[in-house]
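Have a look at input.txt; it's compact mmCIF, C-alpha atoms:
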```txt
# COMPACT_ATOMS: atom_id res chain seq x y z
CA MET A 1 14.96 9.28 -13.98
CA ILE A 2 15.47 6.30 -11.71
CA ARG A 3 18.32 4.19 -12.95
CA VAL A 4 19.91 0.94 -11.92
CA THR A 5 22.48 1.18 -9.16
CA ASP A 6 24.72 -1.52 -7.78
CA ASP A 7 23.42 -1.48 -4.23
CA ILE A 8 23.13 -5.21 -3.78
CA ILE A 9 21.73 -5.15 -0.23
CA ILE A 10 18.68 -3.09 -1.16
CA ARG A 11 18.03 -5.17 -4.24
CA THR A 12 18.30 -8.49 -2.40
CA VAL A 13 16.06 -7.30 0.43
CA ALA A 14 13.49 -6.03 -2.05
CA ARG A 15 13.58 -9.26 -4.00
CA MET A 16 12.95 -11.26 -0.85
CA LEU A 17 10.32 -8.88 0.47
CA ILE A 18 8.17 -8.25 -2.61
CA PRO A 19 6.38 -11.67 -2.69
CA PHE A 20 5.45 -11.36 0.97
CA ILE A 21 4.20 -7.80 0.43
CA GLN A 22 1.98 -9.00 -2.39
CA LEU A 23 0.72 -11.93 -0.33
CA TYR A 24 -0.08 -9.54 2.50
CA ALA A 25 -1.91 -7.24 0.08
CA LEU A 26 -4.05 -10.16 -1.08
CA TYR A 27 -4.78 -10.96 2.58
CA VAL A 28 -5.83 -7.36 3.23
CA ILE A 29 -8.16 -7.39 0.21
CA MET A 30 -9.69 -10.80 1.02
CA HIS A 31 -9.98 -10.23 4.77
CA GLY A 32 -11.41 -6.76 4.38
CA HIS A 33 -14.73 -7.33 6.09
CA HIS A 34 -13.28 -8.80 9.30
CA SER A 35 -10.28 -6.55 9.88
CA PRO A 36 -9.16 -3.08 8.85
CA GLY A 37 -8.49 -2.94 5.17
CA GLY A 38 -10.37 -3.63 2.01
CA GLY A 39 -10.00 -2.93 -1.65
CA PHE A 40 -8.32 0.45 -1.50
CA GLN A 41 -5.85 -0.40 1.24
CA GLY A 42 -4.90 -3.72 -0.30
CA GLY A 43 -4.51 -2.03 -3.66
CA VAL A 44 -2.20 0.56 -2.15
CA ILE A 45 -0.02 -2.18 -0.62
CA LEU A 46 0.00 -4.07 -3.91
CA GLY A 47 0.99 -0.88 -5.73
CA ALA A 48 3.69 -0.22 -3.13
CA SER A 49 5.28 -3.57 -3.96
CA PHE A 50 5.55 -2.55 -7.64
CA ILE A 51 6.87 0.88 -6.63
CA LEU A 52 9.51 -0.85 -4.50
CA TYR A 53 10.49 -2.93 -7.52
CA LEU A 54 10.77 0.19 -9.66
CA LEU A 55 12.88 1.96 -7.04
CA THR A 56 15.30 -0.87 -6.55
CA HIS A 57 15.60 -2.37 -10.02
CA GLY A 58 15.40 0.73 -12.15
CA LEU A 59 12.94 1.95 -14.71
CA GLU A 60 13.95 -0.28 -17.60
CA GLU A 61 13.52 -3.54 -15.73
CA ALA A 62 10.29 -2.39 -14.14
CA LYS A 63 8.88 -1.64 -17.57
CA THR A 64 9.24 -5.30 -18.53
CA ARG A 65 7.18 -6.33 -15.50
CA MET A 66 4.55 -3.62 -15.54
CA SER A 67 4.54 -1.22 -18.45
CA GLU A 68 2.51 1.93 -18.82
CA MET A 69 0.08 0.16 -21.13
CA LYS A 70 -0.39 -2.73 -18.73
CA ALA A 71 -1.06 -0.31 -15.87
CA GLY A 72 -3.72 1.44 -17.95
CA LEU A 73 -5.31 -1.87 -18.91
CA PHE A 74 -5.34 -3.06 -15.29
CA SER A 75 -6.95 0.14 -14.05
CA SER A 76 -9.68 -0.12 -16.67
CA PHE A 77 -10.11 -3.81 -15.89
CA GLY A 78 -10.61 -3.13 -12.19
CA LEU A 79 -13.17 -0.46 -12.94
CA LEU A 80 -14.88 -2.90 -15.32
CA ILE A 81 -15.20 -5.49 -12.53
CA TYR A 82 -16.62 -2.88 -10.15
CA SER A 83 -19.14 -1.39 -12.53
CA GLY A 84 -19.90 -4.80 -14.04
CA ILE A 85 -21.02 -6.19 -10.70
CA GLY A 86 -23.00 -3.01 -10.06
CA LEU A 87 -24.71 -3.15 -13.42
CA LEU A 88 -25.40 -6.86 -13.02
CA CYS A 89 -27.36 -6.04 -9.87
CA LEU A 90 -29.16 -3.31 -11.82
CA VAL A 91 -30.04 -5.74 -14.61
CA LEU A 92 -31.35 -8.31 -12.11
CA GLY A 93 -33.88 -5.81 -10.83
CA GLY A 94 -32.27 -4.22 -7.80
CA ASN A 95 -30.46 -0.99 -7.17
CA TYR A 96 -26.92 -0.30 -8.31
CA LEU A 97 -24.56 -2.50 -6.22
CA ASP A 98 -27.51 -4.20 -4.51
CA TYR A 99 -25.66 -7.48 -3.98
CA GLY A 100 -28.63 -9.39 -2.64
CA ARG A 101 -29.95 -9.74 -6.19
CA LEU A 102 -26.90 -11.75 -7.18
CA SER A 103 -28.30 -14.74 -5.28
CA THR A 104 -30.28 -15.81 -8.36
CA VAL A 105 -27.12 -15.92 -10.49
CA LEU A 106 -24.79 -17.43 -7.89
CA ARG A 107 -27.47 -19.86 -6.60
CA VAL A 108 -26.78 -19.09 -2.93
CA VAL A 109 -28.77 -17.45 -0.15
CA PRO A 110 -28.89 -13.62 -0.34
CA ALA A 111 -26.64 -13.13 2.72
CA GLN A 112 -23.89 -15.17 1.11
CA ALA A 113 -24.47 -13.38 -2.20
CA ARG A 114 -23.91 -10.04 -0.46
CA SER A 115 -20.63 -11.26 1.00
CA LEU A 116 -19.43 -12.55 -2.37
CA GLY A 117 -20.55 -9.39 -4.16
CA ILE A 118 -18.62 -7.16 -1.77
CA LEU A 119 -15.58 -9.40 -2.22
CA GLY A 120 -15.80 -9.09 -6.01
CA VAL A 121 -16.15 -5.32 -5.83
CA GLU A 122 -13.16 -5.11 -3.49
CA ILE A 123 -11.04 -7.19 -5.87
CA GLY A 124 -11.93 -4.78 -8.65
CA VAL A 125 -11.14 -1.74 -6.54
CA GLY A 126 -7.83 -3.32 -5.48
CA ILE A 127 -6.72 -3.95 -9.07
CA ALA A 128 -7.69 -0.43 -10.15
CA VAL A 129 -5.95 1.27 -7.21
CA MET A 130 -2.79 -0.79 -7.73
CA ALA A 131 -2.57 0.16 -11.39
CA VAL A 132 -3.33 3.83 -10.79
CA MET A 133 -0.78 4.07 -7.95
CA PHE A 134 1.89 2.56 -10.15
CA SER A 135 0.92 4.74 -13.09
CA VAL A 136 1.08 7.94 -11.03
CA PHE A 137 4.47 7.01 -9.61
CA PHE A 138 5.71 6.02 -13.07
CA ASP A 139 4.70 9.37 -14.54
CA ILE A 140 6.16 11.39 -11.67
CA SER A 141 9.45 9.50 -11.54
CA THR A 142 10.06 9.92 -15.26
CA GLY A 143 9.02 13.59 -15.16
CA GLY A 144 6.91 13.04 -18.27
CA GLU A 145 9.95 12.32 -20.42
CA LEU A 146 9.81 8.89 -21.96
CA GLN A 147 12.15 8.65 -24.90
CA ASP A 148 11.72 5.05 -25.98
CA ASP A 149 8.13 4.49 -25.01
CA GLN A 150 6.28 3.32 -28.08
CA GLU A 151 3.10 2.30 -26.33
CA MET B 1 -1.13 -4.07 32.85
CA THR B 2 -3.15 -1.53 30.88
CA THR B 3 -1.71 1.30 32.97
CA PHE B 4 1.80 0.07 32.28
CA PHE B 5 1.14 0.07 28.54
CA LEU B 6 -0.42 3.51 28.78
CA TYR B 7 2.62 5.00 30.49
CA LEU B 8 4.91 3.19 28.06
CA GLY B 9 2.98 4.75 25.19
CA MET B 10 3.21 8.19 26.76
CA GLY B 11 6.98 7.80 27.15
CA LEU B 12 7.27 6.78 23.51
CA PHE B 13 5.15 9.79 22.56
CA THR B 14 7.65 12.06 24.29
CA LEU B 15 10.42 10.42 22.26
CA VAL B 16 8.37 11.01 19.10
CA LEU B 17 8.23 14.71 19.93
CA LEU B 18 12.01 14.79 20.33
CA CYS B 19 12.42 13.03 16.96
CA LEU B 20 9.98 15.51 15.45
CA TYR B 21 12.18 18.35 16.63
CA ARG B 22 15.12 16.70 14.86
CA GLY B 23 12.97 16.18 11.77
CA ILE B 24 11.90 19.81 11.56
CA PHE B 25 14.97 21.76 12.67
CA GLY B 26 17.66 19.14 12.08
CA PRO B 27 20.71 20.47 10.30
CA GLY B 28 20.84 18.95 6.86
CA VAL B 29 18.66 16.45 5.03
CA LEU B 30 20.14 13.28 6.48
CA ASN B 31 19.24 14.21 10.04
CA ARG B 32 15.70 14.90 8.93
CA ILE B 33 15.40 11.51 7.23
CA ALA B 34 16.79 9.72 10.30
CA GLY B 35 14.32 11.57 12.53
CA ILE B 36 11.35 10.68 10.34
CA CYS B 37 12.37 6.99 10.24
CA ALA B 38 12.67 6.91 14.02
CA ILE B 39 9.19 8.41 14.26
CA GLY B 40 7.94 5.62 12.00
CA THR B 41 9.28 2.82 14.18
CA LYS B 42 7.99 4.46 17.36
CA THR B 43 4.55 4.89 15.82
CA LEU B 44 4.53 1.18 15.06
CA ILE B 45 5.13 0.29 18.69
CA ILE B 46 2.57 2.87 19.87
CA LEU B 47 -0.01 1.28 17.57
CA LEU B 48 0.71 -2.16 19.06
CA LEU B 49 0.40 -0.77 22.58
CA MET B 50 -2.94 0.76 21.60
CA GLY B 51 -3.99 -2.69 20.42
CA PHE B 52 -3.10 -4.14 23.84
CA ILE B 53 -4.98 -1.36 25.63
CA TYR B 54 -8.13 -1.77 23.53
CA ASP B 55 -7.76 -5.58 23.70
CA ARG B 56 -7.79 -5.95 19.91
CA VAL B 57 -4.19 -6.82 19.10
CA GLU B 58 -5.05 -8.86 15.99
CA MET B 59 -6.53 -5.75 14.39
CA PHE B 60 -3.71 -3.38 15.24
CA VAL B 61 -1.01 -5.83 14.15
CA ASP B 62 -2.31 -5.51 10.60
CA ILE B 63 -2.16 -1.72 10.70
CA SER B 64 1.30 -1.65 12.21
CA MET B 65 2.63 -4.10 9.61
CA VAL B 66 1.40 -1.83 6.83
CA TYR B 67 2.95 1.13 8.61
CA ALA B 68 6.32 -0.60 8.87
CA LEU B 69 6.19 -1.54 5.20
CA LEU B 70 5.34 1.96 4.00
CA ASN B 71 8.01 3.40 6.29
CA PHE B 72 10.58 1.14 4.66
CA ILE B 73 9.52 2.15 1.16
CA GLY B 74 9.45 5.83 2.16
CA THR B 75 13.00 5.64 3.46
CA ILE B 76 14.24 4.02 0.27
CA THR B 77 12.41 6.63 -1.80
CA ALA B 78 13.97 9.50 0.15
CA ALA B 79 17.41 7.94 -0.22
CA LYS B 80 16.91 7.50 -3.97
CA TYR B 81 15.73 11.08 -4.30
CA LEU B 82 18.82 12.37 -2.52
CA GLU B 83 21.03 10.20 -4.70
CA MET B 84 19.32 11.56 -7.81
CA LYS B 85 19.76 15.16 -6.71
CA GLY B 86 23.38 14.50 -5.82
CA GLU B 87 23.11 16.12 -2.41
CA VAL B 88 24.94 13.40 -0.51
```
Before we go any further, please render this structure as structure tokens.
Amino acid sequence: MIRVTDDIIIRTVARMLIPFIQLYALYVIMHGHHSPGGGFQGGVILGASFILYLLTHGLEEAKTRMSEMKAGLFSSFGLLIYSGIGLLCLVLGGNYLDYGRLSTVLRVVPAQARSLGILGVEIGVGIAVMAVMFSVFFDISTGGELQDDQE
Amino acid sequence: MTTFFLYLGMGLFTLVLLCLYRGIFGPGVLNRIAGICAIGTKTLIILLLMGFIYDRVEMFVDISMVYALLNFIGTITAAKYLEMKGEV
């Protein structure tokens, strides 16, 4: 069980660092097709920021920011974005995740529609990976013993 | 300049091997953690040197930043674990 400790240096450094980590994760997700990175890597960095918060601020305070239920909802939501875009392409007459078909909905040329479709899928993957990373760490760090978890 | 970076990277690789020895055989847990953290920082510099050698620094800077970040979080996690187990 990770509890609150009075190590003020670690907590201050984490508090200053976490926004920049999250900004960098968003950069990795958004810039995925020009540089190394993408949905999974950005999601891992985003999840690492929440794990850092849990490590430094204790379990109780981390539960107010990102509870078990919220992590489950976010993972399902990311999967919904991914499969939703895929099924939208299927409905529009192409293959699954055939982004070129999205050009009729987005009213852009097919090349641009492919770029936007990949970006949407990567955002979904990033959200899902972030939530699952946090959920796995949450479960391991508590050892499966949650006394006051009513969710 | 590429040759200079190459030899610099090889020297750092030798230092990584020495740190790895400390990480595997080091007496006690704290020596192991210190060895692993030193390996992390050296890997970061080796990645940047690789970026200079391949002439794609802007790509390798991203990777090395992620590596530094995960190294930081890993160190904190190991320290927390030791504190929880009461070994220190």
Contact residues (chain B, partner chain A, 12 Å, all atoms listed in the file) as a VMD selection string: chain B and resid 56 to 85
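CA of Gly93 in chain A is found 17.8 Å from CA of Ile118 in chain A.
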So the first atom is CA of Thr14 in chain B and the second is CA of Met1 in chain B; what is the distance between them in Å, to one decimal place?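 Interatomic distance here is 20.3 Å.
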Can you pull out every residue within 12 Å of range 65-67 of chain A, counting only C-alpha atoms, but drop anything in the same chain fewer than 2 positions away, and send it as a PyMOL selection string? chain A and resi 47+49-51+53-54+57-63+69-74+130-132+134-135+138-139+146+149-151
